[in-house]
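Student: Have a peek at protein-v2.pdb (PDB, C-alpha atoms and all ligand atoms).
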```pdb
ATOM      1  CA  MET Q   1       7.329 -10.097  12.967
ATOM      2  CA  LYS Q   2       7.018  -6.711  11.301
ATOM      3  CA  ARG Q   3       6.320  -7.181   7.604
ATOM      4  CA  LYS Q   4       8.265  -4.781   5.429
ATOM      5  CA  LEU Q   5       6.362  -2.629   2.956
ATOM      6  CA  ALA Q   6       7.061  -1.630  -0.622
ATOM      7  CA  ALA Q   7       4.368   0.902  -1.475
ATOM      8  CA  GLY Q   8       3.928   2.439  -4.907
ATOM      9  CA  ASN Q   9       2.357   5.846  -5.409
ATOM     10  CA  TRP Q  10       1.245   6.163  -9.008
ATOM     11  CA  LYS Q  11       0.249   9.812  -8.512
ATOM     12  CA  MET Q  12      -1.648  11.112 -11.574
ATOM     13  CA  ASN Q  13      -0.355   8.323 -13.811
ATOM     14  CA  GLY Q  14      -1.747   5.078 -15.088
ATOM     15  CA  SER Q  15      -4.597   3.697 -17.106
ATOM     16  CA  ARG Q  16      -6.640   0.517 -17.057
ATOM     17  CA  ALA Q  17      -4.081  -1.009 -19.416
ATOM     18  CA  ALA Q  18      -1.295  -0.213 -16.956
ATOM     19  CA  LEU Q  19      -2.889  -2.528 -14.381
ATOM     20  CA  ALA Q  20      -1.502  -5.414 -16.424
ATOM     21  CA  GLU Q  21       1.800  -4.616 -14.685
ATOM     22  CA  PHE Q  22       0.366  -6.188 -11.530
ATOM     23  CA  ASP Q  23       0.843  -9.725 -12.840
ATOM     24  CA  ALA Q  24       4.609  -9.422 -12.983
ATOM     25  CA  MET Q  25       4.758  -7.739  -9.552
ATOM     26  CA  GLN Q  26       3.212 -10.738  -7.736
ATOM     27  CA  PRO Q  27       6.470 -12.565  -6.902
ATOM     28  CA  GLY Q  28       7.548  -9.604  -4.771
ATOM     29  CA  VAL Q  29       4.917 -10.387  -2.151
ATOM     30  CA  THR Q  30       6.250 -12.802   0.474
ATOM     31  CA  ASP Q  31       5.821 -13.592   4.149
ATOM     32  CA  SER Q  32       8.235 -10.780   4.925
ATOM     33  CA  VAL Q  33       7.315  -8.211   2.261
ATOM     34  CA  GLU Q  34       3.962  -6.604   1.566
ATOM     35  CA  MET Q  35       3.425  -4.675  -1.676
ATOM     36  CA  VAL Q  36       0.824  -1.967  -2.088
ATOM     37  CA  ILE Q  37      -0.042   0.123  -5.136
ATOM     38  CA  CYS Q  38      -1.893   3.426  -4.792
ATOM     39  CA  PRO Q  39      -3.291   4.185  -8.256
ATOM     40  CA  PRO Q  40      -5.404   7.206  -9.182
ATOM     41  CA  ALA Q  41      -8.915   7.029  -7.733
ATOM     42  CA  THR Q  42     -10.430   6.172 -11.110
ATOM     43  CA  LEU Q  43      -8.508   2.885 -11.092
ATOM     44  CA  VAL Q  44      -8.927   1.766  -7.484
ATOM     45  CA  ALA Q  45     -11.922  -0.536  -7.988
ATOM     46  CA  THR Q  46     -10.477  -2.171 -11.101
ATOM     47  CA  ALA Q  47      -7.067  -2.394  -9.459
ATOM     48  CA  VAL Q  48      -8.614  -4.327  -6.566
ATOM     49  CA  GLU Q  49     -10.000  -6.871  -9.028
ATOM     50  CA  LYS Q  50      -6.578  -7.355 -10.595
ATOM     51  CA  ALA Q  51      -4.525  -6.989  -7.411
ATOM     52  CA  GLY Q  52      -3.756 -10.642  -6.695
ATOM     53  CA  ALA Q  53      -1.431 -10.539  -3.681
ATOM     54  CA  LEU Q  54      -0.933  -6.768  -3.887
ATOM     55  CA  GLY Q  55      -2.700  -4.377  -1.557
ATOM     56  CA  ILE Q  56      -4.428  -1.348  -3.074
ATOM     57  CA  GLY Q  57      -4.627   2.137  -1.636
ATOM     58  CA  GLY Q  58      -5.902   5.613  -2.397
ATOM     59  CA  GLN Q  59      -3.718   8.719  -2.602
ATOM     60  CA  THR Q  60      -5.775  11.011  -0.365
ATOM     61  CA  CYS Q  61      -9.212  11.144   1.200
ATOM     62  CA  HIS Q  62     -11.681  13.738   2.417
ATOM     63  CA  VAL Q  63     -12.161  14.107   6.155
ATOM     64  CA  LYS Q  64     -15.892  13.402   5.893
ATOM     65  CA  ALA Q  65     -17.514  10.125   4.881
ATOM     66  CA  SER Q  66     -19.930  11.755   2.412
ATOM     67  CA  GLY Q  67     -21.492  15.074   1.523
ATOM     68  CA  ALA Q  68     -21.479  18.080  -0.779
ATOM     69  CA  HIS Q  69     -17.770  18.132  -1.669
ATOM     70  CA  THR Q  70     -17.546  18.078  -5.441
ATOM     71  CA  GLY Q  71     -14.573  16.173  -6.756
ATOM     72  CA  ASP Q  72     -13.542  14.715  -3.417
ATOM     73  CA  ILE Q  73     -13.447  11.078  -2.393
ATOM     74  CA  SER Q  74     -13.964   9.746   1.112
ATOM     75  CA  ALA Q  75     -12.068   7.057   2.939
ATOM     76  CA  ALA Q  76     -15.314   5.106   3.173
ATOM     77  CA  MET Q  77     -15.568   5.193  -0.627
ATOM     78  CA  LEU Q  78     -12.015   3.931  -1.002
ATOM     79  CA  LYS Q  79     -12.831   1.143   1.440
ATOM     80  CA  ASP Q  80     -16.016   0.362  -0.473
ATOM     81  CA  ALA Q  81     -13.954   0.119  -3.668
ATOM     82  CA  GLY Q  82     -11.775  -2.476  -1.947
ATOM     83  CA  ALA Q  83      -8.797  -0.379  -0.899
ATOM     84  CA  SER Q  84      -6.977  -1.173   2.322
ATOM     85  CA  TYR Q  85      -4.587   1.797   2.492
ATOM     86  CA  VAL Q  86      -4.627   5.517   1.837
ATOM     87  CA  ILE Q  87      -1.733   7.968   1.600
ATOM     88  CA  THR Q  88      -2.276  11.124   3.655
ATOM     89  CA  GLY Q  89      -0.190  14.283   3.758
ATOM     90  CA  HIS Q  90       1.882  13.686   0.659
ATOM     91  CA  SER Q  91       3.942  16.829   0.049
ATOM     92  CA  GLU Q  92       2.274  17.266  -3.351
ATOM     93  CA  ARG Q  93      -1.092  17.484  -1.550
ATOM     94  CA  ARG Q  94       0.337  19.781   1.089
ATOM     95  CA  THR Q  95       1.694  22.068  -1.657
ATOM     96  CA  ASP Q  96      -0.940  21.796  -4.407
ATOM     97  CA  HIS Q  97      -3.952  21.781  -2.096
ATOM     98  CA  GLY Q  98      -2.656  23.661   0.927
ATOM     99  CA  GLU Q  99      -3.171  20.732   3.275
ATOM    100  CA  SER Q 100      -1.995  21.487   6.818
ATOM    101  CA  ASN Q 101      -0.848  19.100   9.508
ATOM    102  CA  ALA Q 102      -4.313  19.402  11.048
ATOM    103  CA  ASP Q 103      -5.916  18.468   7.709
ATOM    104  CA  VAL Q 104      -3.636  15.463   7.427
ATOM    105  CA  ALA Q 105      -4.472  14.362  10.954
ATOM    106  CA  ALA Q 106      -8.202  14.649  10.232
ATOM    107  CA  GLN Q 107      -7.813  12.658   7.021
ATOM    108  CA  SER Q 108      -5.865   9.986   8.862
ATOM    109  CA  THR Q 109      -8.593   9.701  11.475
ATOM    110  CA  ALA Q 110     -11.152   9.434   8.670
ATOM    111  CA  ALA Q 111      -9.042   6.677   7.112
ATOM    112  CA  TRP Q 112      -9.002   4.694  10.354
ATOM    113  CA  GLU Q 113     -12.718   5.152  10.868
ATOM    114  CA  ALA Q 114     -13.278   3.668   7.435
ATOM    115  CA  GLY Q 115     -10.971   0.749   8.221
ATOM    116  CA  LEU Q 116      -8.015   1.871   6.120
ATOM    117  CA  VAL Q 117      -4.364   2.000   7.084
ATOM    118  CA  ALA Q 118      -3.010   5.552   6.742
ATOM    119  CA  ILE Q 119       0.398   6.081   5.143
ATOM    120  CA  ILE Q 120       1.162   9.462   6.692
ATOM    121  CA  CYS Q 121       3.840  11.445   4.851
ATOM    122  CA  VAL Q 122       6.295  13.976   6.222
ATOM    123  CA  GLY Q 123       9.352  15.635   4.726
ATOM    124  CA  GLU Q 124      11.384  18.816   4.635
ATOM    125  CA  THR Q 125      11.942  21.198   1.730
ATOM    126  CA  LEU Q 126      15.415  21.938   0.388
ATOM    127  CA  GLU Q 127      15.369  25.313   2.101
ATOM    128  CA  GLU Q 128      14.529  23.685   5.424
ATOM    129  CA  ARG Q 129      17.255  21.089   4.916
ATOM    130  CA  GLU Q 130      19.854  23.708   4.058
ATOM    131  CA  SER Q 131      18.942  25.880   7.031
ATOM    132  CA  GLY Q 132      19.409  22.953   9.406
ATOM    133  CA  ALA Q 133      15.729  22.771  10.332
ATOM    134  CA  THR Q 134      15.057  19.217   9.137
ATOM    135  CA  LEU Q 135      14.605  17.431  12.464
ATOM    136  CA  ASN Q 136      12.445  20.232  13.843
ATOM    137  CA  VAL Q 137      10.256  20.261  10.738
ATOM    138  CA  ILE Q 138       9.809  16.496  10.830
ATOM    139  CA  ALA Q 139       9.049  16.545  14.561
ATOM    140  CA  GLU Q 140       6.425  19.226  14.027
ATOM    141  CA  GLN Q 141       4.847  17.319  11.133
ATOM    142  CA  LEU Q 142       4.789  14.064  13.120
ATOM    143  CA  ALA Q 143       3.233  15.786  16.122
ATOM    144  CA  GLY Q 144       0.612  17.590  14.037
ATOM    145  CA  SER Q 145      -0.203  15.002  11.378
ATOM    146  CA  ILE Q 146      -0.434  11.797  13.402
ATOM    147  CA  PRO Q 147      -3.515  11.617  15.627
ATOM    148  CA  ASP Q 148      -3.313  10.230  19.163
ATOM    149  CA  ALA Q 149      -5.083   7.003  18.215
ATOM    150  CA  ALA Q 150      -2.241   5.833  15.969
ATOM    151  CA  THR Q 151      -1.191   2.209  16.327
ATOM    152  CA  ALA Q 152       1.348   0.024  14.587
ATOM    153  CA  ALA Q 153      -1.535  -1.592  12.705
ATOM    154  CA  ASN Q 154      -3.351   1.513  11.485
ATOM    155  CA  THR Q 155      -0.394   3.753  10.627
ATOM    156  CA  VAL Q 156       2.663   3.728   8.384
ATOM    157  CA  VAL Q 157       4.919   6.782   8.359
ATOM    158  CA  ALA Q 158       6.719   7.807   5.179
ATOM    159  CA  TYR Q 159       9.689  10.167   5.277
ATOM    160  CA  GLU Q 160       9.861  11.868   1.899
ATOM    161  CA  PRO Q 161      12.241  14.823   1.616
ATOM    162  CA  VAL Q 162      10.473  17.155  -0.826
ATOM    163  CA  TRP Q 163      13.727  17.825  -2.686
ATOM    164  CA  ALA Q 164      14.285  14.107  -3.296
ATOM    165  CA  ILE Q 165      10.902  13.478  -4.926
ATOM    166  CA  GLY Q 166      11.136  12.913  -8.660
ATOM    167  CA  THR Q 167      14.532  14.604  -8.807
ATOM    168  CA  GLY Q 168      16.932  11.667  -8.765
ATOM    169  CA  LYS Q 169      18.532  13.284  -5.710
ATOM    170  CA  VAL Q 170      18.691  11.081  -2.640
ATOM    171  CA  PRO Q 171      19.824  12.086   0.848
ATOM    172  CA  THR Q 172      23.011  10.485   2.105
ATOM    173  CA  LEU Q 173      22.503   7.294   4.058
ATOM    174  CA  GLU Q 174      23.579   9.207   7.171
ATOM    175  CA  GLN Q 175      20.851  11.781   6.555
ATOM    176  CA  ILE Q 176      18.217   9.059   6.112
ATOM    177  CA  ALA Q 177      19.450   7.306   9.261
ATOM    178  CA  GLU Q 178      19.370  10.528  11.269
ATOM    179  CA  VAL Q 179      15.755  11.282  10.358
ATOM    180  CA  HIS Q 180      14.524   7.698  10.744
ATOM    181  CA  ASP Q 181      16.250   7.276  14.124
ATOM    182  CA  ASP Q 182      14.758  10.548  15.279
ATOM    183  CA  MET Q 183      11.277   9.633  14.021
ATOM    184  CA  ARG Q 184      11.415   6.299  15.877
ATOM    185  CA  ALA Q 185      12.516   8.051  19.052
ATOM    186  CA  LYS Q 186       9.811  10.717  18.798
ATOM    187  CA  LEU Q 187       7.137   8.103  18.121
ATOM    188  CA  SER Q 188       8.404   6.072  21.049
ATOM    189  CA  ASP Q 189       8.217   9.081  23.362
ATOM    190  CA  ARG Q 190       4.652   9.722  22.314
ATOM    191  CA  PHE Q 191       3.142   6.287  21.746
ATOM    192  CA  GLY Q 192       5.438   3.998  23.726
ATOM    193  CA  THR Q 193       8.125   1.665  22.499
ATOM    194  CA  GLU Q 194       5.873  -1.200  21.500
ATOM    195  CA  ILE Q 195       3.720   0.864  19.149
ATOM    196  CA  ALA Q 196       6.684   2.845  17.827
ATOM    197  CA  ASP Q 197       8.756  -0.248  17.129
ATOM    198  CA  GLY Q 198       5.860  -1.951  15.384
ATOM    199  CA  MET Q 199       5.104   1.022  13.149
ATOM    200  CA  ARG Q 200       6.646   0.804   9.709
ATOM    201  CA  LEU Q 201       8.779   3.763   8.660
ATOM    202  CA  LEU Q 202       9.207   4.112   4.912
ATOM    203  CA  TYR Q 203      11.730   6.187   3.038
ATOM    204  CA  GLY Q 204      10.502   7.834  -0.176
ATOM    205  CA  GLY Q 205      12.158  10.004  -2.829
ATOM    206  CA  SER Q 206      13.908   8.747  -5.952
ATOM    207  CA  VAL Q 207      14.066   5.129  -4.764
ATOM    208  CA  LYS Q 208      15.191   2.892  -7.637
ATOM    209  CA  ALA Q 209      16.392  -0.687  -7.956
ATOM    210  CA  GLY Q 210      19.933   0.669  -8.069
ATOM    211  CA  ASN Q 211      19.858   2.450  -4.698
ATOM    212  CA  ALA Q 212      17.336   0.264  -2.861
ATOM    213  CA  ALA Q 213      19.828  -2.102  -1.200
ATOM    214  CA  GLU Q 214      21.818   0.627   0.510
ATOM    215  CA  ILE Q 215      18.691   2.487   1.617
ATOM    216  CA  PHE Q 216      17.079  -0.681   3.020
ATOM    217  CA  ALA Q 217      20.262  -1.415   4.977
ATOM    218  CA  VAL Q 218      19.771   1.824   6.945
ATOM    219  CA  PRO Q 219      18.470   1.116  10.472
ATOM    220  CA  ASN Q 220      14.820   2.008  11.066
ATOM    221  CA  VAL Q 221      13.964   1.888   7.352
ATOM    222  CA  ASP Q 222      11.157  -0.666   7.025
ATOM    223  CA  GLY Q 223      10.406  -0.151   3.367
ATOM    224  CA  ALA Q 224       9.865   2.465   0.707
ATOM    225  CA  LEU Q 225       7.224   4.700  -0.792
ATOM    226  CA  VAL Q 226       8.069   4.712  -4.469
ATOM    227  CA  GLY Q 227       6.775   7.047  -7.166
ATOM    228  CA  GLY Q 228       8.144   6.768 -10.684
ATOM    229  CA  ALA Q 229       9.767   3.378 -10.180
ATOM    230  CA  SER Q 230       6.484   1.795  -9.080
ATOM    231  CA  LEU Q 231       4.752   2.200 -12.436
ATOM    232  CA  LYS Q 232       6.457  -0.742 -14.120
ATOM    233  CA  ALA Q 233       6.958  -4.199 -12.689
ATOM    234  CA  ALA Q 234      10.453  -4.244 -14.200
ATOM    235  CA  ASP Q 235      11.364  -1.382 -11.864
ATOM    236  CA  PHE Q 236       9.192  -2.108  -8.833
ATOM    237  CA  LEU Q 237       9.663  -5.872  -8.471
ATOM    238  CA  PRO Q 238      13.451  -5.602  -7.986
ATOM    239  CA  ILE Q 239      12.853  -2.990  -5.266
ATOM    240  CA  ALA Q 240      10.482  -5.342  -3.435
ATOM    241  CA  GLU Q 241      12.869  -8.256  -3.864
ATOM    242  CA  THR Q 242      15.722  -6.153  -2.525
ATOM    243  CA  LEU Q 243      13.565  -5.315   0.484
ATOM    244  CA  GLY Q 244      12.975  -9.022   1.048
ATOM    245  CA  ALA Q 245      16.704  -9.683   0.998
ATOM    246  CA  ALA Q 246      17.542  -6.775   3.331
TER     247      ALA Q 246
HETATM  248  P1  LIG L   1       9.665   9.330  -6.782
HETATM  249  O1  LIG L   1       9.980   7.910  -6.355
HETATM  250  O2  LIG L   1       9.189   9.428  -8.188
HETATM  251  O3  LIG L   1      10.784  10.254  -6.434
HETATM  252  O4  LIG L   1       8.397   9.797  -5.887
HETATM  253  C1  LIG L   1       8.433   9.592  -4.528
HETATM  254  C2  LIG L   1       7.084   9.895  -3.995
HETATM  255  O5  LIG L   1       6.661  11.032  -3.933
HETATM  256  C3  LIG L   1       6.260   8.752  -3.553
HETATM  257  O6  LIG L   1       5.150   9.186  -2.836
END
```
So, in terms of structure tokens, how does the structure I just supplied come out?
Tutor:
Amino acid sequence: MKRKLAAGNWKMNGSRAALAEFDAMQPGVTDSVEMVICPPATLVATAVEKAGALGIGGQTCHVKASGAHTGDISAAMLKDAGASYVITGHSERRTDHGESNADVAAQSTAAWEAGLVAIICVGETLEERESGATLNVIAEQLAGSIPDAATAANTVVAYEPVWAIGTGKVPTLEQIAEVHDDMRAKLSDRFGTEIADGMRLLYGGSVKAGNAAEIFAVPNVDGALVGGASLKAADFLPIAETLGAA
């Protein structure tokens, strides 16, 4: 059975004190729901110690395992710190750091080589949405960002419309369904039905306890990648519980 996934991306937020939130998140982890928190790199090792039933992930990784790359962190280092996941290709990385699909693919390969699961992110801008280019943009990102060696076990795909991130704006359920159906079909064409069906497809962008139930009822949505509402157990636990009930 495919375990659903509630993943939290803390972005550049959080402190050691904030890890105390983990205690109250524990009940969200069940046989059918996995919970992962991706804190800033400074907190990964401590987060692993306090994780309990939660999984811990990084937010990006360098393509190389080590070397003269000041300020960067490798997938091997995240693994060494106890992480099991890493987000690759988040739109904030693509925008702030100019990461291309090829960069994201190389990072994802580095993640796998280190033994991490890659949460590979795709998503259209508002301009792309309004010009009707969404499905083409997503198809191009999937083709360019997911390496050929992807499996259901080593890869999670997150659809995060850029315009829905941190804005409180959420696509209609029909729009989410259209993209998720198309992603599943494209993945199936490329990797075969078994791998594509086993791969978890997350929706991300302004997911809250209040809209989680309707989003999780959309076909081909296997969980969420949550930003702001993952920082506090009072917000994140209800999302995970809603996922369990979906
Ligand atoms: P918000 O949930 O804050 O909109 O962020 C979504 C996101 O970017 C998760 O990676």
Student: Excluding Q:Ala17 and its own-chain neighbours fewer than 4 positions away, which residues fall within 12 Å of it when counting all atoms listed in the file? Please give them as a PyMOL selection string.
Tutor: chain Q and resi 13+21-23+43+46-47+50+231-232
Student: Take the residues that were just selected and, keeping C-alpha atoms, output them as a PDB file, in the frame of the given file.
Tutor:
```
ATOM      1  CA  ASN Q  13      -0.355   8.323 -13.811  1.00  0.00           C
ATOM      2  CA  GLU Q  21       1.800  -4.616 -14.685  1.00  0.00           C
ATOM      3  CA  PHE Q  22       0.366  -6.188 -11.530  1.00  0.00           C
ATOM      4  CA  ASP Q  23       0.843  -9.725 -12.840  1.00  0.00           C
ATOM      5  CA  LEU Q  43      -8.508   2.885 -11.092  1.00  0.00           C
ATOM      6  CA  THR Q  46     -10.477  -2.171 -11.101  1.00  0.00           C
ATOM      7  CA  ALA Q  47      -7.067  -2.394  -9.459  1.00  0.00           C
ATOM      8  CA  LYS Q  50      -6.578  -7.355 -10.595  1.00  0.00           C
ATOM      9  CA  LEU Q 231       4.752   2.200 -12.436  1.00  0.00           C
ATOM     10  CA  LYS Q 232       6.457  -0.742 -14.120  1.00  0.00           C
TER      11      LYS Q 232
END
```
Student: Nearest to ligand LIG 1 (chain L): which of Q:Asp148, Q:Asp235, Q:Asp72, Q:Glu113 is it, counting only C-alpha atoms and all ligand atoms?
Tutor: Q:Asp235
Student: Counting only C-alpha atoms and all ligand atoms, which protein, DNA or RNA residues come within 7 Å of ligand LIG 1 (chain L), given as a PyMOL selection string?
Tutor: chain Q and resi 8-9+90+160+164-168+204-207+225-229
Student: How would the residues just picked look written out with C-alpha atoms as a compact mmCIF listing (two decimals), in the frame of the given file?
Tutor:
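Final output, selection04.txt:
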```txt
# COMPACT_ATOMS: atom_id res chain seq x y z
CA GLY Q 8 3.93 2.44 -4.91
CA ASN Q 9 2.36 5.85 -5.41
CA HIS Q 90 1.88 13.69 0.66
CA GLU Q 160 9.86 11.87 1.90
CA ALA Q 164 14.28 14.11 -3.30
CA ILE Q 165 10.90 13.48 -4.93
CA GLY Q 166 11.14 12.91 -8.66
CA THR Q 167 14.53 14.60 -8.81
CA GLY Q 168 16.93 11.67 -8.76
CA GLY Q 204 10.50 7.83 -0.18
CA GLY Q 205 12.16 10.00 -2.83
CA SER Q 206 13.91 8.75 -5.95
CA VAL Q 207 14.07 5.13 -4.76
CA LEU Q 225 7.22 4.70 -0.79
CA VAL Q 226 8.07 4.71 -4.47
CA GLY Q 227 6.78 7.05 -7.17
CA GLY Q 228 8.14 6.77 -10.68
CA ALA Q 229 9.77 3.38 -10.18
```
Student: Ranking Q:Lys79, Q:Ala6, Q:Arg94, Q:Asn211 by minimum distance to Q:Phe236 and counting only C-alpha atoms, which one comes first?
Tutor: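 Distance minimum relative to Q:Phe236 lands on Q:Ala6.
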Student: I'd like to see the residues matched by the PyMOL selection byres (((chain Q and resi 36) around 6) and not hetatm) on this file, and ideally I'd get them as a PyMOL selection string.
Tutor: chain Q and resi 7+35+37+54-56
Student: Q:Gly89, Q:Pro40, Q:Gly71, Q:Gly123: which is nearest Q:Ile138, counting all atoms listed in the file?
Tutor: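 Checking each of Q:Gly89, Q:Pro40, Q:Gly71, Q:Gly123 against Q:Ile138, counting all atoms listed in the file, the winner is Q:Gly123.
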Student: Work out how far atom CA of Q:Val86 is from atom CA of Q:Cys38, in Å to one decimal.
Tutor: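 Computing the Euclidean distance for atom CA of Q:Cys38 and atom CA of Q:Val86 yields 7.5 Å.
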Student: Pick from Q:Leu19, Q:Ala75, Q:Ala246, Q:Ala212: nearest to Q:Pro39, with all atoms listed in the file counted?
Tutor: Q:Leu19
Student: Grab the atom CA of Q:Ser145 to atom CA of Q:Arg129 distance for me, in Å with one decimal place.
Tutor: 19.6 Å
Student: Mind telling me what the PyMOL selection byres (((chain Q and resi 91) around 12) and not hetatm) catches here, as number ranges by chain?
Tutor: Q: 11, 59-60, 87-90, 92-101, 104, 120-125, 141, 158-166, 204-205
Student: At what distance in Å, to one decimal, does atom CA of Q:Ser131 lie from atom CA of Q:Arg184?
Tutor: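 Going from atom CA of Q:Arg184 over to atom CA of Q:Ser131 covers 22.8 Å.
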Student: I need the residue set behind the PyMOL selection byres (((chain Q and resi 83) around 7) and not hetatm) for this file; please write it as a list in words.
Tutor: Val44, Val48, Ile56, Gly57, Gly58, Leu78, Lys79, Ala81, Gly82, Ser84 and Tyr85 of chain Q
Student: Which is closest to Q:Val218 among Q:Pro238, Q:Pro171, Q:Pro27, Q:Gly192, if we use all atoms listed in the file?
Tutor: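 Distance minimum relative to Q:Val218 lands on Q:Pro171.
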Student: Fewer than 5 positions away in the same chain doesn't count, so skip those; otherwise give me all residues within 9 Å of Q:Ile215, counting only C-alpha atoms, as JSON, numbers by chain.
Tutor: {"Q": [173, 176, 203, 207, 221, 223, 224]}
Student: Which one of Q:Pro219, Q:Gly210, Q:Gly28, Q:Gly115 sits closest to Q:Ala245 if you count all atoms listed in the file?
Tutor: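 Once distances to Q:Ala245 are computed over all atoms listed in the file, the minimum belongs to Q:Gly28.
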Student: Got a minute to add N, CA, C and O atoms to stretch 55-67 of chain Q and dump it as a short mmCIF file (atom, residue, chain, number, x, y, z; two decimals), in the frame of the given file?
Tutor:
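Printed below is result-v9.cif as written:
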```
data_model
loop_
_atom_site.label_atom_id
_atom_site.label_comp_id
_atom_site.auth_asym_id
_atom_site.auth_seq_id
_atom_site.Cartn_x
_atom_site.Cartn_y
_atom_site.Cartn_z
N GLY Q 55 -1.70 -5.21 -2.20
CA GLY Q 55 -2.70 -4.38 -1.56
C GLY Q 55 -2.93 -3.15 -2.42
O GLY Q 55 -2.06 -2.75 -3.20
N ILE Q 56 -4.11 -2.55 -2.28
CA ILE Q 56 -4.43 -1.35 -3.07
C ILE Q 56 -4.79 -0.21 -2.13
O ILE Q 56 -5.47 -0.42 -1.11
N GLY Q 57 -4.33 0.98 -2.48
CA GLY Q 57 -4.63 2.14 -1.64
C GLY Q 57 -5.03 3.35 -2.45
O GLY Q 57 -4.79 3.42 -3.66
N GLY Q 58 -5.62 4.32 -1.78
CA GLY Q 58 -5.90 5.61 -2.40
C GLY Q 58 -4.74 6.57 -2.14
O GLY Q 58 -3.79 6.23 -1.41
N GLN Q 59 -4.82 7.74 -2.73
CA GLN Q 59 -3.72 8.72 -2.60
C GLN Q 59 -4.04 9.88 -1.68
O GLN Q 59 -3.17 10.66 -1.32
N THR Q 60 -5.31 10.01 -1.33
CA THR Q 60 -5.78 11.01 -0.36
C THR Q 60 -7.22 10.68 -0.07
O THR Q 60 -7.83 9.85 -0.75
N CYS Q 61 -7.78 11.31 0.95
CA CYS Q 61 -9.21 11.14 1.20
C CYS Q 61 -9.73 12.40 1.88
O CYS Q 61 -8.99 13.14 2.52
N HIS Q 62 -11.02 12.63 1.72
CA HIS Q 62 -11.68 13.74 2.42
C HIS Q 62 -11.85 13.37 3.89
O HIS Q 62 -11.83 12.20 4.24
N VAL Q 63 -12.01 14.38 4.72
CA VAL Q 63 -12.16 14.11 6.16
C VAL Q 63 -13.56 13.59 6.50
O VAL Q 63 -13.75 12.97 7.54
N LYS Q 64 -14.53 13.86 5.62
CA LYS Q 64 -15.89 13.40 5.89
C LYS Q 64 -16.18 12.12 5.10
O LYS Q 64 -15.55 11.86 4.08
N ALA Q 65 -17.17 11.39 5.54
CA ALA Q 65 -17.51 10.12 4.88
C ALA Q 65 -18.33 10.35 3.62
O ALA Q 65 -18.31 9.53 2.69
N SER Q 66 -19.11 11.45 3.59
CA SER Q 66 -19.93 11.76 2.41
C SER Q 66 -20.37 13.20 2.52
O SER Q 66 -20.18 13.85 3.55
N GLY Q 67 -20.96 13.72 1.44
CA GLY Q 67 -21.49 15.07 1.52
C GLY Q 67 -21.25 15.88 0.27
O GLY Q 67 -20.79 15.36 -0.75
#
```
